[in-house]
$ cat structure-v2.txt   # compact mmCIF, C-alpha atoms and all ligand atoms
# COMPACT_ATOMS: atom_id res chain seq x y z
CA MET A 70 188.11 -48.21 -30.56
CA LYS A 71 185.70 -47.62 -27.69
CA VAL A 72 185.56 -44.10 -26.31
CA ILE A 73 184.63 -44.42 -22.63
CA ARG A 74 183.64 -41.42 -20.53
CA THR A 75 182.47 -43.01 -17.30
CA VAL A 76 184.39 -44.78 -14.57
CA ASN A 77 181.84 -47.59 -14.31
CA GLU A 78 182.09 -48.44 -17.98
CA LEU A 79 185.88 -48.41 -17.78
CA LYS A 80 185.89 -50.72 -14.78
CA ASP A 81 183.50 -53.12 -16.56
CA TRP A 82 185.78 -53.21 -19.62
CA SER A 83 188.82 -53.86 -17.46
CA ALA A 84 187.10 -56.61 -15.44
CA GLU A 85 185.89 -58.29 -18.61
CA SER A 86 189.43 -58.20 -20.10
CA ARG A 87 190.97 -59.56 -16.93
CA ALA A 88 188.33 -62.31 -16.71
CA GLN A 89 189.42 -63.48 -20.16
CA GLY A 90 193.05 -63.61 -18.96
CA LEU A 91 194.06 -60.70 -21.22
CA SER A 92 196.89 -58.34 -20.29
CA ILE A 93 196.19 -54.60 -20.31
CA GLY A 94 198.75 -51.98 -21.29
CA PHE A 95 197.85 -48.50 -20.06
CA VAL A 96 199.14 -45.11 -21.21
CA PRO A 97 197.96 -42.15 -19.09
CA THR A 98 198.11 -38.82 -20.96
CA MET A 99 196.83 -35.27 -20.77
CA GLY A 100 196.07 -35.29 -24.50
CA ALA A 101 197.50 -32.98 -27.18
CA LEU A 102 199.08 -36.19 -28.39
CA HIS A 103 202.29 -36.20 -30.41
CA ALA A 104 204.81 -38.79 -31.61
CA GLY A 105 206.28 -38.99 -28.09
CA HIS A 106 202.96 -40.24 -26.68
CA MET A 107 202.48 -42.50 -29.67
CA SER A 108 205.81 -44.24 -28.96
CA LEU A 109 204.34 -45.20 -25.56
CA VAL A 110 201.17 -46.45 -27.26
CA THR A 111 203.20 -48.49 -29.79
CA ARG A 112 205.18 -50.08 -26.99
CA ALA A 113 201.97 -50.86 -25.05
CA ARG A 114 200.43 -52.34 -28.22
CA GLU A 115 203.47 -54.60 -28.74
CA GLU A 116 203.55 -55.91 -25.19
CA ASN A 117 199.87 -56.38 -24.23
CA ASP A 118 196.65 -58.00 -25.44
CA ARG A 119 194.65 -54.85 -24.84
CA VAL A 120 195.58 -51.18 -24.70
CA ALA A 121 193.82 -48.35 -22.88
CA VAL A 122 194.84 -44.69 -23.08
CA SER A 123 193.44 -41.96 -20.84
CA VAL A 124 193.11 -38.38 -22.04
CA PHE A 125 192.53 -36.11 -19.06
CA VAL A 126 193.98 -32.71 -18.19
CA ASN A 127 194.27 -33.22 -14.45
CA PRO A 128 193.57 -29.96 -12.59
CA THR A 129 195.04 -31.18 -9.28
CA GLN A 130 198.58 -31.28 -10.66
CA PHE A 131 198.62 -27.68 -11.94
CA ASN A 132 199.85 -25.16 -9.42
CA ASN A 133 199.58 -22.36 -11.96
CA PRO A 134 196.02 -21.53 -13.15
CA THR A 135 197.31 -19.94 -16.39
CA ASP A 136 199.24 -23.11 -17.23
CA LEU A 137 196.03 -25.14 -16.72
CA ALA A 138 193.93 -22.70 -18.78
CA THR A 139 196.40 -22.61 -21.67
CA TYR A 140 197.18 -26.34 -21.72
CA PRO A 141 196.40 -27.46 -25.30
CA ARG A 142 193.19 -29.49 -25.74
CA THR A 143 192.77 -31.38 -29.03
CA GLU A 144 190.35 -34.20 -28.29
CA GLU A 145 189.16 -34.92 -31.82
CA ALA A 146 192.69 -35.19 -33.26
CA ASP A 147 193.80 -37.26 -30.23
CA LEU A 148 191.01 -39.80 -30.73
CA LYS A 149 191.86 -40.14 -34.41
CA LEU A 150 195.55 -40.83 -33.61
CA LEU A 151 194.61 -43.41 -30.97
CA GLU A 152 192.13 -45.16 -33.25
CA ASP A 153 194.74 -45.34 -36.04
CA ALA A 154 197.27 -46.80 -33.59
CA GLY A 155 194.96 -49.72 -32.76
CA VAL A 156 194.07 -48.65 -29.21
CA ASP A 157 191.14 -50.60 -27.71
CA VAL A 158 189.87 -48.00 -25.27
CA ALA A 159 190.26 -44.24 -24.99
CA PHE A 160 189.14 -43.08 -21.55
CA VAL A 161 188.10 -39.42 -21.73
CA PRO A 162 186.42 -38.46 -18.46
CA SER A 163 185.18 -35.05 -17.32
CA VAL A 164 186.64 -33.44 -14.19
CA GLU A 165 183.38 -34.28 -12.33
CA GLU A 166 183.64 -37.94 -13.35
CA MET A 167 187.25 -38.20 -12.14
CA TYR A 168 186.66 -36.17 -8.97
CA PRO A 169 183.03 -36.46 -7.80
CA GLU A 170 184.45 -35.30 -4.44
CA PRO A 171 187.66 -33.28 -4.00
CA ASP A 172 190.66 -35.59 -3.58
CA THR A 173 192.22 -34.60 -0.26
CA ARG A 174 194.75 -37.43 -0.06
CA VAL A 175 198.31 -36.39 0.73
CA PHE A 176 200.91 -38.94 -0.36
CA ASP A 177 204.12 -39.43 1.59
CA LEU A 178 206.23 -39.30 -1.54
CA GLY A 179 209.45 -38.55 0.32
CA PRO A 180 212.72 -36.97 -0.88
CA VAL A 181 212.24 -38.03 -4.50
CA ALA A 182 209.37 -35.54 -4.80
CA GLU A 183 210.98 -32.71 -2.85
CA VAL A 184 213.66 -31.63 -5.33
CA MET A 185 213.55 -30.10 -8.84
CA GLU A 186 209.93 -30.16 -10.12
CA GLY A 187 208.72 -30.87 -6.60
CA ALA A 188 210.49 -27.77 -5.27
CA MET A 189 209.48 -25.54 -8.19
CA ARG A 190 205.86 -26.68 -8.43
CA PRO A 191 204.50 -27.24 -4.90
CA GLY A 192 201.70 -29.82 -4.88
CA HIS A 193 202.37 -30.92 -8.45
CA PHE A 194 203.53 -34.44 -7.67
CA ASN A 195 200.82 -34.98 -5.08
CA GLY A 196 198.30 -34.15 -7.82
CA VAL A 197 200.03 -36.56 -10.22
CA ALA A 198 199.91 -39.28 -7.53
CA GLN A 199 196.20 -38.58 -6.95
CA VAL A 200 195.18 -38.93 -10.57
CA VAL A 201 197.51 -41.78 -11.50
CA SER A 202 196.50 -43.86 -8.48
CA ARG A 203 192.82 -43.33 -9.38
CA LEU A 204 193.48 -44.32 -12.97
CA PHE A 205 195.41 -47.43 -11.92
CA GLU A 206 192.50 -48.47 -9.72
CA MET A 207 190.00 -47.97 -12.56
CA VAL A 208 192.02 -49.64 -15.34
CA SER A 209 193.83 -52.35 -13.30
CA PRO A 210 196.60 -52.44 -15.90
CA THR A 211 199.22 -55.15 -16.25
CA ARG A 212 201.77 -52.57 -17.42
CA ALA A 213 201.72 -48.75 -17.45
CA TYR A 214 203.91 -46.68 -19.76
CA PHE A 215 205.61 -43.34 -19.01
CA GLY A 216 207.98 -41.17 -21.04
CA GLU A 217 211.48 -40.51 -19.72
CA LYS A 218 211.17 -36.81 -20.57
CA ASP A 219 209.43 -36.54 -17.21
CA PHE A 220 212.26 -38.41 -15.54
CA GLN A 221 211.43 -37.42 -11.97
CA GLN A 222 207.74 -38.17 -12.47
CA ILE A 223 208.57 -41.84 -13.13
CA ALA A 224 210.50 -42.05 -9.85
CA VAL A 225 207.56 -40.44 -8.02
CA ILE A 226 205.08 -42.83 -9.61
CA ARG A 227 207.19 -45.83 -8.61
CA ARG A 228 207.15 -44.51 -5.05
CA MET A 229 203.36 -44.00 -5.13
CA VAL A 230 202.87 -47.56 -6.46
CA GLN A 231 204.98 -48.89 -3.60
CA LEU A 232 202.99 -46.82 -1.05
CA GLU A 233 199.68 -48.09 -2.44
CA GLY A 234 200.69 -51.76 -2.24
CA GLY A 235 201.80 -52.41 -5.83
CA PHE A 236 198.43 -52.44 -7.69
CA ASN A 237 198.51 -56.25 -8.13
CA GLY A 238 202.03 -56.50 -9.51
CA LEU A 239 201.64 -53.63 -11.97
CA GLU A 240 204.83 -53.08 -13.99
CA ILE A 241 205.93 -49.48 -14.65
CA VAL A 242 207.66 -49.25 -18.02
CA ASP A 243 209.79 -46.22 -18.90
CA VAL A 244 210.13 -45.32 -22.56
CA PRO A 245 213.03 -43.22 -23.99
CA ILE A 246 212.50 -39.56 -24.92
CA LYS A 247 211.27 -38.97 -28.45
CA ARG A 248 212.91 -35.97 -30.15
CA GLU A 249 212.31 -33.77 -33.16
CA ASP A 250 214.97 -34.02 -35.90
CA ASP A 251 216.79 -31.03 -34.40
CA GLY A 252 216.90 -32.66 -30.95
CA LEU A 253 214.09 -30.78 -29.18
CA ALA A 254 212.29 -33.18 -26.82
CA MET A 255 208.72 -33.68 -28.00
CA SER A 256 206.21 -32.03 -25.68
CA SER A 257 202.60 -30.91 -25.87
CA ARG A 258 203.87 -27.47 -24.85
CA ASN A 259 206.03 -27.12 -28.00
CA VAL A 260 203.01 -25.90 -30.00
CA ARG A 261 203.03 -22.77 -27.81
CA LEU A 262 206.58 -21.81 -28.84
CA THR A 263 206.86 -18.71 -31.05
CA PRO A 264 208.78 -19.33 -34.32
CA GLU A 265 211.83 -17.60 -32.74
CA MET A 266 211.67 -19.75 -29.61
CA ARG A 267 211.13 -22.90 -31.66
CA MET A 268 214.43 -22.06 -33.46
CA ALA A 269 216.20 -21.41 -30.16
CA ALA A 270 214.89 -24.39 -28.14
CA PRO A 271 217.08 -27.17 -29.68
CA ALA A 272 220.04 -25.46 -27.97
CA ILE A 273 218.81 -27.14 -24.77
CA HIS A 274 219.47 -30.65 -26.07
CA ARG A 275 222.78 -29.56 -27.66
CA ALA A 276 223.94 -28.21 -24.31
CA LEU A 277 222.91 -31.44 -22.56
CA ILE A 278 224.89 -33.51 -25.07
CA ASN A 279 227.89 -31.23 -24.47
CA ALA A 280 227.42 -31.61 -20.71
CA ALA A 281 227.50 -35.41 -20.97
CA ALA A 282 230.66 -35.22 -23.09
CA GLN A 283 232.60 -33.14 -20.53
CA PRO A 284 235.57 -34.92 -18.93
CA ARG A 285 234.94 -36.37 -15.47
CA THR A 286 237.82 -34.23 -14.22
CA LEU A 287 235.19 -31.49 -14.01
CA SER A 288 232.89 -31.77 -11.00
CA PRO A 289 229.09 -31.95 -11.44
CA ALA A 290 228.91 -28.33 -10.20
CA GLU A 291 231.38 -27.20 -12.87
CA VAL A 292 229.46 -29.05 -15.61
CA ILE A 293 226.24 -27.44 -14.37
CA ASP A 294 227.82 -24.01 -14.51
CA LEU A 295 229.08 -24.43 -18.09
CA THR A 296 225.75 -25.83 -19.27
CA VAL A 297 223.63 -23.07 -17.74
CA LYS A 298 225.94 -20.42 -19.25
CA GLU A 299 225.71 -22.07 -22.68
CA ILE A 300 221.91 -22.16 -22.62
CA ASN A 301 221.41 -18.69 -21.14
CA SER A 302 223.67 -17.20 -23.83
CA VAL A 303 220.91 -18.00 -26.37
CA PRO A 304 218.52 -15.01 -26.58
CA GLY A 305 215.11 -15.91 -25.13
CA LEU A 306 216.27 -19.00 -23.21
CA GLU A 307 216.49 -18.83 -19.41
CA THR A 308 217.40 -21.88 -17.34
CA GLU A 309 215.20 -22.34 -14.28
CA TYR A 310 217.32 -25.17 -12.88
CA PHE A 311 219.84 -27.71 -14.06
CA GLN A 312 220.74 -30.39 -11.55
CA ILE A 313 222.83 -33.53 -11.81
CA VAL A 314 221.14 -36.15 -9.67
CA ASP A 315 221.33 -39.83 -8.90
CA GLY A 316 218.87 -41.44 -11.30
CA HIS A 317 217.41 -43.73 -8.63
CA SER A 318 216.87 -41.28 -5.76
CA CYS A 319 216.71 -38.01 -7.79
CA GLN A 320 218.98 -36.44 -5.14
CA PRO A 321 221.72 -34.04 -6.35
CA ILE A 322 225.25 -35.44 -6.38
CA ALA A 323 228.39 -33.46 -5.56
CA ARG A 324 230.83 -36.09 -6.95
CA TRP A 325 230.43 -38.52 -9.84
CA GLU A 326 231.29 -41.52 -7.63
CA GLU A 327 228.10 -40.93 -5.64
CA SER A 328 225.92 -42.47 -8.38
CA ASP A 329 226.01 -45.36 -10.83
CA MET A 330 223.39 -43.50 -12.91
CA PRO A 331 223.92 -39.73 -12.93
CA VAL A 332 221.20 -37.86 -14.80
CA GLY A 333 221.16 -34.17 -15.68
CA CYS A 334 217.63 -32.75 -15.36
CA ILE A 335 216.84 -29.32 -16.73
CA THR A 336 214.00 -26.84 -16.98
CA VAL A 337 214.30 -23.88 -19.32
CA TYR A 338 211.94 -21.06 -20.17
CA ALA A 339 211.83 -20.45 -23.92
CA GLY A 340 209.99 -17.13 -23.83
CA ASP A 341 207.04 -17.95 -21.56
CA VAL A 342 206.98 -21.69 -22.34
CA ARG A 343 208.50 -23.95 -19.71
CA LEU A 344 210.38 -26.87 -21.27
CA ILE A 345 211.96 -29.82 -19.50
CA ASP A 346 214.56 -32.30 -20.70
CA ASN A 347 217.27 -34.57 -19.31
CA VAL A 348 220.37 -36.52 -20.23
CA LYS A 349 221.98 -39.64 -18.79
CA PHE A 350 225.69 -39.25 -18.07
O1 LIG B 401 202.79 -36.94 -17.76
C1 LIG B 401 201.59 -36.57 -17.87
O2 LIG B 401 201.09 -36.28 -18.96
C2 LIG B 401 200.74 -36.47 -16.63
O3 LIG B 401 201.49 -36.05 -15.54
C3 LIG B 401 199.99 -37.79 -16.31
C4 LIG B 401 200.97 -38.90 -15.96
C5 LIG B 401 199.13 -38.20 -17.48
C6 LIG B 401 199.09 -37.57 -15.10
O4 LIG B 401 198.14 -36.59 -15.34
$ encode --input "structure-v2.txt" --output "structure tokens" --more "lines below"
Ligand code: PAF
Amino acid sequence: MKVIRTVNELKDWSAESRAQGLSIGFVPTMGALHAGHMSLVTRAREENDRVAVSVFVNPTQFNNPTDLATYPRTEEADLKLLEDAGVDVAFVPSVEEMYPEPDTRVFDLGPVAEVMEGAMRPGHFNGVAQVVSRLFEMVSPTRAYFGEKDFQQIAVIRRMVQLEGGFNGLEIVDVPIKREDDGLAMSSRNVRLTPEMRMAAPAIHRALINAAAQPRTLSPAEVIDLTVKEINSVPGLETEYFQIVDGHSCQPIARWEESDMPVGCITVYAGDVRLIDNVKF
């Protein structure tokens, strides 16, 4: 596996791969890799001739400096996992390499980016659009892989790709959430959970399963109410939001008939760790 730290070298590798007619699967990450990320890498490996993975904690998508400072960084272990998974290129740039000048672009991401994470974390999705569009330009991937844990992020990225003209027919592939045996969605943030909060956190997934099993005679608002009460009754867990949205537009629905793909998206604080998850109804 090649470890590339400069944009020029990455572009050369990509151009050389493309010139040979090889497809490139790309997995953007912020490192602290776990089995969830590796399921994206495995899928990229299966479907492409070459695989590139970026490891970059993108400062422009953090609206909370403490969150950025405490984001886990485990480069050596990440590179070992990627090498073992048969990745061709790990792109590990510095902040200066990614942003030689500040990125001042403002993307017109529309309603999909205004709700839920967009409302709670102002500027977050614009920062994601900045870094992902840069990475797509550098890697020129055939396919790019994203985890469904960040359900809204995938919708935002699809919108950004459309705004930027499609990046030469790039295909965005969404990959199902990978869970621990007790149902907790895998996340780089899970390592920050205290032992008590790690015990409590699987209640989030249990409540989502219960929500999806509720009869449709209950309205989305009633299901939301029950679910939030169930989660908040667990000591240490505090729901920030739970919304039932249309899976295409990410807009909240008031009645089930409004969507052919209702999705329940949730954010919960387990102590001071912010966890997100979702369920398809
Ligand atoms: O999902 C993430 O880890 C990040 O938002 C991404 C897509 C790598 C952009 O920094």
$ residues_around --input "structure-v2.txt" --residues "Val181 in chain A" --least-positions-apart "3" --cutoff "12 Å" --atoms "only C-alpha atoms" --output "PyMOL selection string"
chain A and resi 177-178+184-188+194-195+220-229+314-321
$ atom_distance --input "structure-v2.txt" --atom1 "CA of Ser209 in chain A" --atom2 "CA of Gly235 in chain A"
10.9 Å
$ closest_residue --input "structure-v2.txt" --among "A:Val72, A:Leu262, A:Ala290, A:Leu79" --to "Glu206 in chain A" --atoms "all atoms listed in the file"
A:Leu79
$ closest_residue --input "structure-v2.txt" --among "A:Val110, A:Val337, A:Ile246, A:Leu204" --to "Val230 in chain A" --atoms "only C-alpha atoms"
A:Leu204
$ residues_near_ligand --input "structure-v2.txt" --ligand "ligand LIG 401 (chain B)" --cutoff "8 Å" --atoms "all atoms listed in the file" --output "PDB file with C-alpha atoms, in the coordinates of the input"
ATOM      1  CA  VAL A  96     199.140 -45.110 -21.210  1.00  0.00           C
ATOM      2  CA  PRO A  97     197.960 -42.150 -19.090  1.00  0.00           C
ATOM      3  CA  THR A  98     198.110 -38.820 -20.960  1.00  0.00           C
ATOM      4  CA  MET A  99     196.830 -35.270 -20.770  1.00  0.00           C
ATOM      5  CA  GLY A 100     196.070 -35.290 -24.500  1.00  0.00           C
ATOM      6  CA  SER A 123     193.440 -41.960 -20.840  1.00  0.00           C
ATOM      7  CA  VAL A 124     193.110 -38.380 -22.040  1.00  0.00           C
ATOM      8  CA  PHE A 125     192.530 -36.110 -19.060  1.00  0.00           C
ATOM      9  CA  VAL A 126     193.980 -32.710 -18.190  1.00  0.00           C
ATOM     10  CA  ASN A 127     194.270 -33.220 -14.450  1.00  0.00           C
ATOM     11  CA  GLN A 130     198.580 -31.280 -10.660  1.00  0.00           C
ATOM     12  CA  GLY A 196     198.300 -34.150  -7.820  1.00  0.00           C
ATOM     13  CA  VAL A 197     200.030 -36.560 -10.220  1.00  0.00           C
ATOM     14  CA  ALA A 198     199.910 -39.280  -7.530  1.00  0.00           C
ATOM     15  CA  VAL A 200     195.180 -38.930 -10.570  1.00  0.00           C
ATOM     16  CA  VAL A 201     197.510 -41.780 -11.500  1.00  0.00           C
ATOM     17  CA  PHE A 215     205.610 -43.340 -19.010  1.00  0.00           C
ATOM     18  CA  GLY A 216     207.980 -41.170 -21.040  1.00  0.00           C
ATOM     19  CA  ASP A 219     209.430 -36.540 -17.210  1.00  0.00           C
ATOM     20  CA  GLN A 222     207.740 -38.170 -12.470  1.00  0.00           C
TER      21      GLN A 222
END
$ atom_distance --input "structure-v2.txt" --atom1 "CA of Leu295 in chain A" --atom2 "CA of Ala269 in chain A"
17.9 Å
$ atom_distance --input "structure-v2.txt" --atom1 "CA of Lys218 in chain A" --atom2 "CA of Ala104 in chain A"
12.9 Å
$ closest_residue --input "structure-v2.txt" --among "A:Ser328, A:Thr336, A:Ser288, A:Ser257" --to "His274 in chain A" --atoms "only C-alpha atoms"
A:Thr336
$ closest_residue --input "structure-v2.txt" --among "A:Glu291, A:Arg190, A:Met268, A:Leu232" --to "Asp136 in chain A" --atoms "only C-alpha atoms"
A:Arg190
$ closest_residue --input "structure-v2.txt" --among "A:Thr263, A:Gln199, A:Asn132, A:Asn237" --to "Phe176 in chain A" --atoms "all atoms listed in the file"
A:Gln199
$ closest_residue --input "structure-v2.txt" --among "A:Ala159, A:Cys334, A:Ala113, A:Ile322" --to "Arg74 in chain A" --atoms "only C-alpha atoms"
A:Ala159
$ residues_around --input "structure-v2.txt" --residues "Ile300 in chain A" --least-positions-apart "6" --cutoff "7 Å" --atoms "all atoms listed in the file" --output "list in words"
Ala272, Ile273, Ala276, Leu306 and Thr308 of chain A
$ residues_around --input "structure-v2.txt" --residues "Leu148 in chain A" --least-positions-apart "3" --cutoff "10 Å" --atoms "only C-alpha atoms" --output "JSON, numbers by chain"
{"A": [70, 71, 72, 100, 102, 122, 124, 143, 144, 145, 151, 152, 153, 154, 156, 158, 159, 160, 161]}
$ residues_around --input "structure-v2.txt" --residues "Tyr338 in chain A" --least-positions-apart "4" --cutoff "6 Å" --atoms "all atoms listed in the file" --output "MDAnalysis selection string"
chainID A and resid 306:307 342:343
$ axis_aligned_box --input "structure-v2.txt" --around "range 85-95 of chain A" --padding-each-side "8 Å" --output "JSON"
{"center_x": 192.3, "center_y": -56.1, "center_z": -19.0, "size_x": 28.9, "size_y": 31.1, "size_z": 20.6}
$ residues_near_point --input "structure-v2.txt" --point "(198.5, -57.3, -17.6)" --cutoff "12 Å" --atoms "all atoms listed in the file" --output "short mmCIF file (atom, residue, chain, number, x, y, z; two decimals) with C-alpha atoms, in the frame of the given file"
data_model
loop_
_atom_site.label_atom_id
_atom_site.label_comp_id
_atom_site.auth_asym_id
_atom_site.auth_seq_id
_atom_site.Cartn_x
_atom_site.Cartn_y
_atom_site.Cartn_z
CA SER A 83 188.82 -53.86 -17.46
CA ALA A 84 187.10 -56.61 -15.44
CA SER A 86 189.43 -58.20 -20.10
CA ARG A 87 190.97 -59.56 -16.93
CA ALA A 88 188.33 -62.31 -16.71
CA GLN A 89 189.42 -63.48 -20.16
CA GLY A 90 193.05 -63.61 -18.96
CA LEU A 91 194.06 -60.70 -21.22
CA SER A 92 196.89 -58.34 -20.29
CA ILE A 93 196.19 -54.60 -20.31
CA GLY A 94 198.75 -51.98 -21.29
CA PHE A 95 197.85 -48.50 -20.06
CA ALA A 113 201.97 -50.86 -25.05
CA ARG A 114 200.43 -52.34 -28.22
CA GLU A 116 203.55 -55.91 -25.19
CA ASN A 117 199.87 -56.38 -24.23
CA ASP A 118 196.65 -58.00 -25.44
CA ARG A 119 194.65 -54.85 -24.84
CA VAL A 120 195.58 -51.18 -24.70
CA ALA A 121 193.82 -48.35 -22.88
CA PHE A 205 195.41 -47.43 -11.92
CA VAL A 208 192.02 -49.64 -15.34
CA SER A 209 193.83 -52.35 -13.30
CA PRO A 210 196.60 -52.44 -15.90
CA THR A 211 199.22 -55.15 -16.25
CA ARG A 212 201.77 -52.57 -17.42
CA ALA A 213 201.72 -48.75 -17.45
CA PHE A 236 198.43 -52.44 -7.69
CA ASN A 237 198.51 -56.25 -8.13
CA GLY A 238 202.03 -56.50 -9.51
CA LEU A 239 201.64 -53.63 -11.97
CA GLU A 240 204.83 -53.08 -13.99
CA ILE A 241 205.93 -49.48 -14.65
#
